[in-house]
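K.L.:
The structure that follows is given in the form of structure tokens.
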Amino acid sequence: MANILSTANSALTAAQQGLATTAHNISNARTPGYHRQVVLQAAVGGQDEGGGFIGKGTEVVSVQRVYNEYLASQLRTVQTSQGQLEAHYTQANRINNMLADPNSGLSPVLQDFFQSVQNLAANPDARGSMLAAAQSMAARFQSMDGQLRELRVAVNSEISTTITAINSYAQQIADLNNAISKAQSGSGQMPNDLLDQRDHLVGELSKLTKVTVSKDGGNYGIFIGNGQPMVVGSTVSKLAASASPTDLSEVTVGIETAKGTVRLSESSLQGGKLGGLFEFRANTLTDAQNQLGRIAIGLATTFNDQHKLGVDRNGAMGGNFFNMAPPLVSRSSLNIGNATMGATITDVSALKASDYKVSYDGANFNIVRMSDNVQVSSSASIPPGGITVDGINFTIDAGTVAAGDQFVVKPTINAAAGFKVLVTDLNTIATGAPVSTSTPTSNSGSATIGAGAVDKNFTTAMVSPAKTFVYDAASGTLNAPSATGFPFDVKVTDINGASTIYPAGTPVPYSAGATITFGVNLPGPPADIGGVSFKISGAPANGDQFVIGKNTSTSGDNRNMVLLGNLQTANTLVGGTTSYQGALSQLVSMVGNKTHELQVGSEAQTNLVTQLEQAQDADSGVNLDEEGANLLRYQQAYVAAGKVMQAVKEMFDMLVSLGRA
């Protein structure tokens, strides 16, 4: 009878534990990271009573959580990708909204400015509106660059916040490793709730960075990024935000060691929100800021170059119309040598929207274009004249370099912020050309001389005093008034584009419509001449004269302003393949396409995360209908076990009463 009572008691205990586990499942049905738990029962071995083995009841072997390790691993991987794409998309969308705004974007003010240039070419009294349009355009460049800089500051802050969150999760996982090890060492049973908490934290960590889990008994080893150990048992490696050695305003990630903080490369911390922030900052944000800067520096340089070839109302040659910020050169704080590097832009048409890393390995100076990670130059030394790459001249200005020294050159990063209007006096806007042409009234032929033009080699000394070309009908040539040939070399380019240079003292054959150039002999092959150009068309008579000299009457002269207006559609950027508006369209298109790509990818990964979460929930989540059925089943088992015990008690009472009778 005692055996029956013990058997009934085991059933009662098992039913109680089943009820408790079911209640625990129901209580945590909405707890994040919770996995359904089940009671595992086994029959207690029977005893041979002569007529066979009589069972002794049941026992609870374990309370086990329903956990699918494969689904959990897949979910962590997808969460990492989704976290990276979402972080990148969120930030890129801010730039896209700024650039695509039809009212606050750069395109409207760029068009307004060149419209004002064309208005000034038609109306000499429109100087004020042209200057106002220039100032509005400069303000827009500065405003857009300011927004990009604010975004960079915000990203740096988010990187720091994300590092703090990663450290917090890592510490909690290490604490749980310790708690789980202690719990297991007692009964050997798995502490399911602690395991759920740890797996949930690992999942949350995977949203911030790529996570690899290594199991060592009951402990998790957590490795982030490309294998950086973060948690080993109860030991935690702490990440730390640190300033970049080549850019103190940019936050990088280091890991704390006994010897100090060791900086980690961004490429070693891919995945998750942290990887997305790094990818956005290094690619989309930097590329957008550099492309905006390239437009600013290209516009400032080409407009200045042409403006300086004109004359203002005071008869003076024009100056720089816009300010042009120089390249930013940063010296690594880790450099051993004391060298100072310089950089200047020599050709805006060859300029790339990229930063450059210059490093010295002890034998060679290596220049790497950071936008595509291509080594564009390797040289044993940088000569006094520097090394020119992509329209940038790199020089060592002072000091000596040591092996391992690095410099970062950012040619366009400050260009938009430094884009300012330098002209303040309306009279100094150089609308006219510095040369004028004329013919004496005594000319008897039908030939006419066109308006002269100048190039970047021009100086006023070339036409002071004025130069006179006299036609000799007998030889069909143009000669100096002295008939001894010109005291300078002359280049003649016919209407088919073929050029011939005639040395000083040599008469120049006349060809109707040909371009005649004189001034200075340009160095280097092929031989060329630059300075002043003009054309003579028609049939000159013997002795006819054609004069080109300094422009002394600039009132109403709009020739330089017409040339400035033509810059709007001229292909001056990206290797001479696109205009300012074209380069701006490329920037808007680049950011827009990237944003759309990230949006599609983020949405796809979000759907995949949802599917895996649903699959995990179907496999190991709490189903309240199922738990309700379990509750009824365990309740019935409990009642049945109680009835057995009641029957045993009644039998025992009957035996006692028989003994008293």
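For the structure tokens, the naming scheme is as follows: chains receive sequential letters (A, B, ...) according to their order of presentation, residues are indexed from 1 within each chain, and ligands are indexed from 1 in presentation order.
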Write out as a list in words each polymer residue whose atoms come within 6 Å of stretch 387-399 of chain A, counting only C-alpha atoms; drop sequence neighbours fewer than 3 positions from it.
P.N.:
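After dropping sequence-adjacent residues, the list is Asn338, Ala339, Thr340, Met341, Gly342, Ala343, Thr344, Ile345, Thr346, Asp347, Ala350 and Leu351 of chain A.
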K.L.:
Output all heavy atoms for every residue in the selection just made, as a PDB file, in the first residue's frame.
P.N.:
ATOM      1  N   ASN A 338      59.062  64.438 -39.157  1.00  0.00           N
ATOM      2  CA  ASN A 338      58.503  65.775 -38.963  1.00  0.00           C
ATOM      3  C   ASN A 338      58.147  66.449 -40.283  1.00  0.00           C
ATOM      4  O   ASN A 338      58.050  67.679 -40.349  1.00  0.00           O
ATOM      5  CB  ASN A 338      59.480  66.650 -38.179  1.00  0.00           C
ATOM      6  CG  ASN A 338      60.798  66.850 -38.923  1.00  0.00           C
ATOM      7  OD1 ASN A 338      61.040  66.235 -39.960  1.00  0.00           O
ATOM      8  ND2 ASN A 338      61.655  67.705 -38.387  1.00  0.00           N
ATOM      9  N   ALA A 339      57.965  65.655 -41.335  1.00  0.00           N
ATOM     10  CA  ALA A 339      57.692  66.222 -42.657  1.00  0.00           C
ATOM     11  C   ALA A 339      56.323  66.885 -42.699  1.00  0.00           C
ATOM     12  O   ALA A 339      55.370  66.457 -42.038  1.00  0.00           O
ATOM     13  CB  ALA A 339      57.782  65.137 -43.720  1.00  0.00           C
ATOM     14  N   THR A 340      56.243  67.955 -43.490  1.00  0.00           N
ATOM     15  CA  THR A 340      54.990  68.647 -43.762  1.00  0.00           C
ATOM     16  C   THR A 340      54.671  68.502 -45.239  1.00  0.00           C
ATOM     17  O   THR A 340      55.505  68.803 -46.090  1.00  0.00           O
ATOM     18  CB  THR A 340      55.094  70.139 -43.415  1.00  0.00           C
ATOM     19  OG1 THR A 340      55.437  70.271 -42.032  1.00  0.00           O
ATOM     20  CG2 THR A 340      53.783  70.846 -43.679  1.00  0.00           C
ATOM     21  N   MET A 341      53.483  68.013 -45.539  1.00  0.00           N
ATOM     22  CA  MET A 341      53.091  67.804 -46.930  1.00  0.00           C
ATOM     23  C   MET A 341      52.184  68.934 -47.398  1.00  0.00           C
ATOM     24  O   MET A 341      51.395  69.483 -46.629  1.00  0.00           O
ATOM     25  CB  MET A 341      52.388  66.460 -47.092  1.00  0.00           C
ATOM     26  CG  MET A 341      51.760  66.233 -48.463  1.00  0.00           C
ATOM     27  SD  MET A 341      51.450  64.492 -48.826  1.00  0.00           S
ATOM     28  CE  MET A 341      53.080  63.973 -49.332  1.00  0.00           C
ATOM     29  N   GLY A 342      52.331  69.295 -48.674  1.00  0.00           N
ATOM     30  CA  GLY A 342      51.469  70.285 -49.286  1.00  0.00           C
ATOM     31  C   GLY A 342      50.766  69.710 -50.495  1.00  0.00           C
ATOM     32  O   GLY A 342      51.189  68.702 -51.056  1.00  0.00           O
ATOM     33  N   ALA A 343      49.669  70.345 -50.895  1.00  0.00           N
ATOM     34  CA  ALA A 343      48.931  69.901 -52.076  1.00  0.00           C
ATOM     35  C   ALA A 343      48.254  71.103 -52.713  1.00  0.00           C
ATOM     36  O   ALA A 343      47.700  71.958 -52.018  1.00  0.00           O
ATOM     37  CB  ALA A 343      47.894  68.846 -51.707  1.00  0.00           C
ATOM     38  N   THR A 344      48.322  71.174 -54.026  1.00  0.00           N
ATOM     39  CA  THR A 344      47.646  72.235 -54.775  1.00  0.00           C
ATOM     40  C   THR A 344      46.926  71.616 -55.961  1.00  0.00           C
ATOM     41  O   THR A 344      47.366  70.596 -56.509  1.00  0.00           O
ATOM     42  CB  THR A 344      48.645  73.291 -55.288  1.00  0.00           C
ATOM     43  OG1 THR A 344      49.675  72.635 -56.045  1.00  0.00           O
ATOM     44  CG2 THR A 344      49.280  74.052 -54.136  1.00  0.00           C
ATOM     45  N   ILE A 345      45.828  72.234 -56.343  1.00  0.00           N
ATOM     46  CA  ILE A 345      45.061  71.756 -57.496  1.00  0.00           C
ATOM     47  C   ILE A 345      45.593  72.451 -58.740  1.00  0.00           C
ATOM     48  O   ILE A 345      45.638  73.684 -58.803  1.00  0.00           O
ATOM     49  CB  ILE A 345      43.566  72.036 -57.302  1.00  0.00           C
ATOM     50  CG1 ILE A 345      43.039  71.233 -56.114  1.00  0.00           C
ATOM     51  CG2 ILE A 345      42.776  71.678 -58.560  1.00  0.00           C
ATOM     52  CD1 ILE A 345      41.619  71.554 -55.732  1.00  0.00           C
ATOM     53  N   THR A 346      46.009  71.659 -59.725  1.00  0.00           N
ATOM     54  CA  THR A 346      46.591  72.203 -60.949  1.00  0.00           C
ATOM     55  C   THR A 346      45.667  72.077 -62.151  1.00  0.00           C
ATOM     56  O   THR A 346      45.837  72.791 -63.134  1.00  0.00           O
ATOM     57  CB  THR A 346      47.919  71.489 -61.263  1.00  0.00           C
ATOM     58  OG1 THR A 346      47.679  70.071 -61.413  1.00  0.00           O
ATOM     59  CG2 THR A 346      48.932  71.698 -60.139  1.00  0.00           C
ATOM     60  N   ASP A 347      44.696  71.160 -62.084  1.00  0.00           N
ATOM     61  CA  ASP A 347      43.806  70.947 -63.231  1.00  0.00           C
ATOM     62  C   ASP A 347      42.451  70.480 -62.712  1.00  0.00           C
ATOM     63  O   ASP A 347      42.281  69.310 -62.345  1.00  0.00           O
ATOM     64  CB  ASP A 347      44.411  69.911 -64.181  1.00  0.00           C
ATOM     65  CG  ASP A 347      43.571  69.700 -65.436  1.00  0.00           C
ATOM     66  OD1 ASP A 347      42.528  70.368 -65.579  1.00  0.00           O
ATOM     67  OD2 ASP A 347      43.963  68.857 -66.282  1.00  0.00           O
ATOM     68  N   ALA A 350      40.688  67.426 -64.318  1.00  0.00           N
ATOM     69  CA  ALA A 350      41.176  66.079 -63.998  1.00  0.00           C
ATOM     70  C   ALA A 350      40.845  65.675 -62.568  1.00  0.00           C
ATOM     71  O   ALA A 350      41.127  64.548 -62.161  1.00  0.00           O
ATOM     72  CB  ALA A 350      42.688  66.010 -64.220  1.00  0.00           C
ATOM     73  N   LEU A 351      40.232  66.573 -61.823  1.00  0.00           N
ATOM     74  CA  LEU A 351      39.984  66.352 -60.401  1.00  0.00           C
ATOM     75  C   LEU A 351      38.959  65.249 -60.178  1.00  0.00           C
ATOM     76  O   LEU A 351      37.912  65.218 -60.812  1.00  0.00           O
ATOM     77  CB  LEU A 351      39.497  67.650 -59.773  1.00  0.00           C
ATOM     78  CG  LEU A 351      39.657  67.839 -58.264  1.00  0.00           C
ATOM     79  CD1 LEU A 351      41.103  67.719 -57.850  1.00  0.00           C
ATOM     80  CD2 LEU A 351      39.089  69.197 -57.865  1.00  0.00           C
TER      81      LEU A 351
END
K.L.:
With stretch 131-149 of chain A as the partner and 7 Å as the cut-off, tabulate the residues of stretch 378-452 of chain A that qualify, each row holding the nearest pair of atoms and their distance in Å to one decimal, using only C-alpha atoms, sorted by chain and rising number, as a Markdown table.
P.N.:
| residue | atom | partner | partner_atom | distance |
| --- | --- | --- | --- | --- |
| A:Ala416 | CA | A:Phe141 | CA | 5.3 |
| A:Ala417 | CA | A:Gln142 | CA | 4.6 |
| A:Phe419 | CA | A:Ala138 | CA | 5.7 |
| A:Lys420 | CA | A:Ala138 | CA | 5.4 |
| A:Val421 | CA | A:Gln135 | CA | 6.1 |
K.L.:
Could you write those residues out with N, CA and C atoms, as an mmCIF file, in the first residue's frame?
P.N.:
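Printed below is again.cif as written:
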data_model
loop_
_atom_site.group_PDB
_atom_site.id
_atom_site.type_symbol
_atom_site.label_atom_id
_atom_site.label_comp_id
_atom_site.auth_asym_id
_atom_site.auth_seq_id
_atom_site.Cartn_x
_atom_site.Cartn_y
_atom_site.Cartn_z
ATOM 1 N N ALA A 416 33.195 73.673 -50.770
ATOM 2 C CA ALA A 416 31.847 74.249 -50.690
ATOM 3 C C ALA A 416 31.724 75.194 -49.498
ATOM 4 N N ALA A 417 32.341 74.818 -48.371
ATOM 5 C CA ALA A 417 32.282 75.681 -47.185
ATOM 6 C C ALA A 417 33.030 76.989 -47.427
ATOM 7 N N PHE A 419 33.388 78.488 -50.354
ATOM 8 C CA PHE A 419 32.930 79.156 -51.571
ATOM 9 C C PHE A 419 32.282 80.488 -51.202
ATOM 10 N N LYS A 420 32.964 81.588 -51.514
ATOM 11 C CA LYS A 420 32.477 82.917 -51.160
ATOM 12 C C LYS A 420 32.705 83.881 -52.320
ATOM 13 N N VAL A 421 31.908 84.922 -52.352
ATOM 14 C CA VAL A 421 32.062 85.971 -53.363
ATOM 15 C C VAL A 421 33.080 86.983 -52.854
#
K.L.:
Using only C-alpha atoms, find each residue of stretch 212-311 of chain A with at least one atom at most 10 Å away from an atom of stretch 361-382 of chain A; report its shortest atom-to-atom pair and that distance in Å (one decimal), sort the rows by chain and rising residue number, and return the result as JSON lines.
P.N.:
{"residue": "A:Ala282", "atom": "CA", "partner": "A:Ser371", "partner_atom": "CA", "distance": 8.7}
{"residue": "A:Asn283", "atom": "CA", "partner": "A:Ser371", "partner_atom": "CA", "distance": 7.5}
{"residue": "A:Thr286", "atom": "CA", "partner": "A:Ser371", "partner_atom": "CA", "distance": 8.9}
{"residue": "A:Asp287", "atom": "CA", "partner": "A:Ser371", "partner_atom": "CA", "distance": 7.7}
K.L.:
Hey, what's within 8 Å of stretch 639-642 of chain A if we count only C-alpha atoms and toss same-chain stuff fewer than 3 positions away? As a ChimeraX atom specification, please?
P.N.:
/A:8-9,11-12,635-636,645-646
K.L.:
Just want the 8 Å neighbourhood of stretch 513-525 of chain A, counted on only C-alpha atoms, with same-chain residues fewer than 2 positions away dropped. Output as a count of residues only.
P.N.:
24
K.L.:
Mind dumping a table of every stretch 420-494 of chain A residue within 10 Å of stretch 309-327 of chain A, with the nearest atom pair and its distance in Å to one decimal, using only C-alpha atoms, sorted by chain and rising number, as a tab-separated table?
P.N.:
residue	atom	partner	partner_atom	distance
A:Lys420	CA	A:Asn323	CA	5.1
A:Val421	CA	A:Phe322	CA	4.6
A:Leu422	CA	A:Phe322	CA	5.3
A:Val423	CA	A:Phe321	CA	5.6
A:Thr424	CA	A:Phe321	CA	9.4
A:Leu426	CA	A:Arg313	CA	8.8
A:Asn427	CA	A:Arg313	CA	5.3
A:Thr428	CA	A:Asp312	CA	5.0
A:Ile429	CA	A:Asp312	CA	5.4
A:Ala430	CA	A:Asp312	CA	3.9
A:Thr431	CA	A:Asp312	CA	6.0
A:Gly432	CA	A:Val311	CA	5.1
A:Ala433	CA	A:Gly310	CA	4.7
A:Pro434	CA	A:Val311	CA	5.5
A:Val435	CA	A:Gly310	CA	9.0
A:Ala453	CA	A:Leu309	CA	9.3
A:Val454	CA	A:Leu309	CA	6.9
A:Asp455	CA	A:Leu309	CA	7.0
A:Lys456	CA	A:Leu309	CA	6.9
A:Asn457	CA	A:Leu309	CA	9.3
A:Phe458	CA	A:Leu309	CA	7.6
A:Thr459	CA	A:Leu309	CA	9.0
A:Thr460	CA	A:Met317	CA	8.8
K.L.:
For the selection you just gave me, I'd like the residues written to a file as a compact mmCIF listing (two decimals), in the first residue's frame, keeping N, CA, C and O atoms.
P.N.:
# COMPACT_ATOMS: atom_id res chain seq x y z
N LYS A 420 32.96 81.59 -51.51
CA LYS A 420 32.48 82.92 -51.16
C LYS A 420 32.71 83.88 -52.32
O LYS A 420 33.59 83.67 -53.15
N VAL A 421 31.91 84.92 -52.35
CA VAL A 421 32.06 85.97 -53.36
C VAL A 421 33.08 86.98 -52.85
O VAL A 421 32.93 87.54 -51.76
N LEU A 422 34.13 87.20 -53.65
CA LEU A 422 35.18 88.13 -53.26
C LEU A 422 34.92 89.55 -53.75
O LEU A 422 35.43 90.52 -53.18
N VAL A 423 34.13 89.68 -54.81
CA VAL A 423 33.85 91.00 -55.39
C VAL A 423 32.81 91.72 -54.54
O VAL A 423 31.74 91.17 -54.25
N THR A 424 33.14 92.91 -54.12
CA THR A 424 32.19 93.72 -53.34
C THR A 424 31.82 95.02 -54.06
O THR A 424 30.77 95.60 -53.78
N LEU A 426 30.73 96.85 -57.40
CA LEU A 426 30.11 96.54 -58.69
C LEU A 426 31.00 96.94 -59.86
O LEU A 426 30.96 96.30 -60.92
N ASN A 427 31.80 97.99 -59.69
CA ASN A 427 32.64 98.48 -60.79
C ASN A 427 33.80 97.54 -61.11
O ASN A 427 34.43 97.67 -62.15
N THR A 428 34.08 96.60 -60.21
CA THR A 428 35.21 95.69 -60.44
C THR A 428 34.77 94.39 -61.11
O THR A 428 35.58 93.48 -61.26
N ILE A 429 33.50 94.27 -61.48
CA ILE A 429 33.08 93.10 -62.27
C ILE A 429 33.61 93.29 -63.68
O ILE A 429 33.29 94.27 -64.35
N ALA A 430 34.43 92.36 -64.11
CA ALA A 430 35.14 92.50 -65.40
C ALA A 430 34.26 92.01 -66.54
O ALA A 430 34.32 90.85 -66.95
N THR A 431 33.45 92.90 -67.07
CA THR A 431 32.53 92.53 -68.14
C THR A 431 33.16 92.63 -69.53
O THR A 431 32.73 91.95 -70.46
N GLY A 432 34.15 93.50 -69.71
CA GLY A 432 34.71 93.75 -71.03
C GLY A 432 35.94 92.92 -71.32
O GLY A 432 36.51 92.25 -70.45
N ALA A 433 36.38 92.95 -72.59
CA ALA A 433 37.60 92.28 -73.01
C ALA A 433 38.76 93.26 -72.92
O ALA A 433 38.57 94.47 -73.10
N PRO A 434 39.99 92.78 -72.68
CA PRO A 434 41.12 93.70 -72.49
C PRO A 434 41.73 94.22 -73.79
O PRO A 434 42.63 95.05 -73.76
N VAL A 435 41.26 93.72 -74.93
CA VAL A 435 41.82 94.16 -76.22
C VAL A 435 40.70 94.69 -77.10
O VAL A 435 39.53 94.33 -76.94
N ALA A 453 40.51 88.24 -78.99
CA ALA A 453 40.30 87.37 -77.83
C ALA A 453 41.63 87.13 -77.15
O ALA A 453 42.69 87.24 -77.78
N VAL A 454 41.58 86.81 -75.88
CA VAL A 454 42.80 86.54 -75.12
C VAL A 454 42.66 85.20 -74.42
O VAL A 454 41.55 84.68 -74.23
N ASP A 455 43.80 84.62 -74.02
CA ASP A 455 43.78 83.39 -73.24
C ASP A 455 44.55 83.60 -71.95
O ASP A 455 44.96 84.73 -71.64
N LYS A 456 44.76 82.55 -71.20
CA LYS A 456 45.36 82.67 -69.86
C LYS A 456 46.79 83.19 -69.89
O LYS A 456 47.33 83.60 -68.84
N ASN A 457 47.42 83.20 -71.07
CA ASN A 457 48.80 83.67 -71.18
C ASN A 457 48.88 85.18 -71.43
O ASN A 457 49.97 85.74 -71.52
N PHE A 458 47.74 85.84 -71.51
CA PHE A 458 47.70 87.25 -71.89
C PHE A 458 48.25 88.16 -70.79
O PHE A 458 48.01 87.96 -69.60
N THR A 459 48.98 89.19 -71.24
CA THR A 459 49.36 90.32 -70.39
C THR A 459 49.13 91.59 -71.20
O THR A 459 49.21 91.58 -72.44
N THR A 460 48.86 92.67 -70.50
CA THR A 460 48.59 93.92 -71.22
C THR A 460 49.79 94.41 -72.02
O THR A 460 49.64 95.18 -72.98
K.L.:
Which is closest to A:Val202 among A:Gly221, A:Gly385, A:Gly450, A:Gly55, if we use only C-alpha atoms?
P.N.:
A:Gly221
K.L.:
Tell me which of A:Ser620, A:Ser482, A:Gln91, A:Gln581 sits closest to A:Glu158, counting only C-alpha atoms.
P.N.:
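Distance minimum relative to A:Glu158 lands on A:Gln91.
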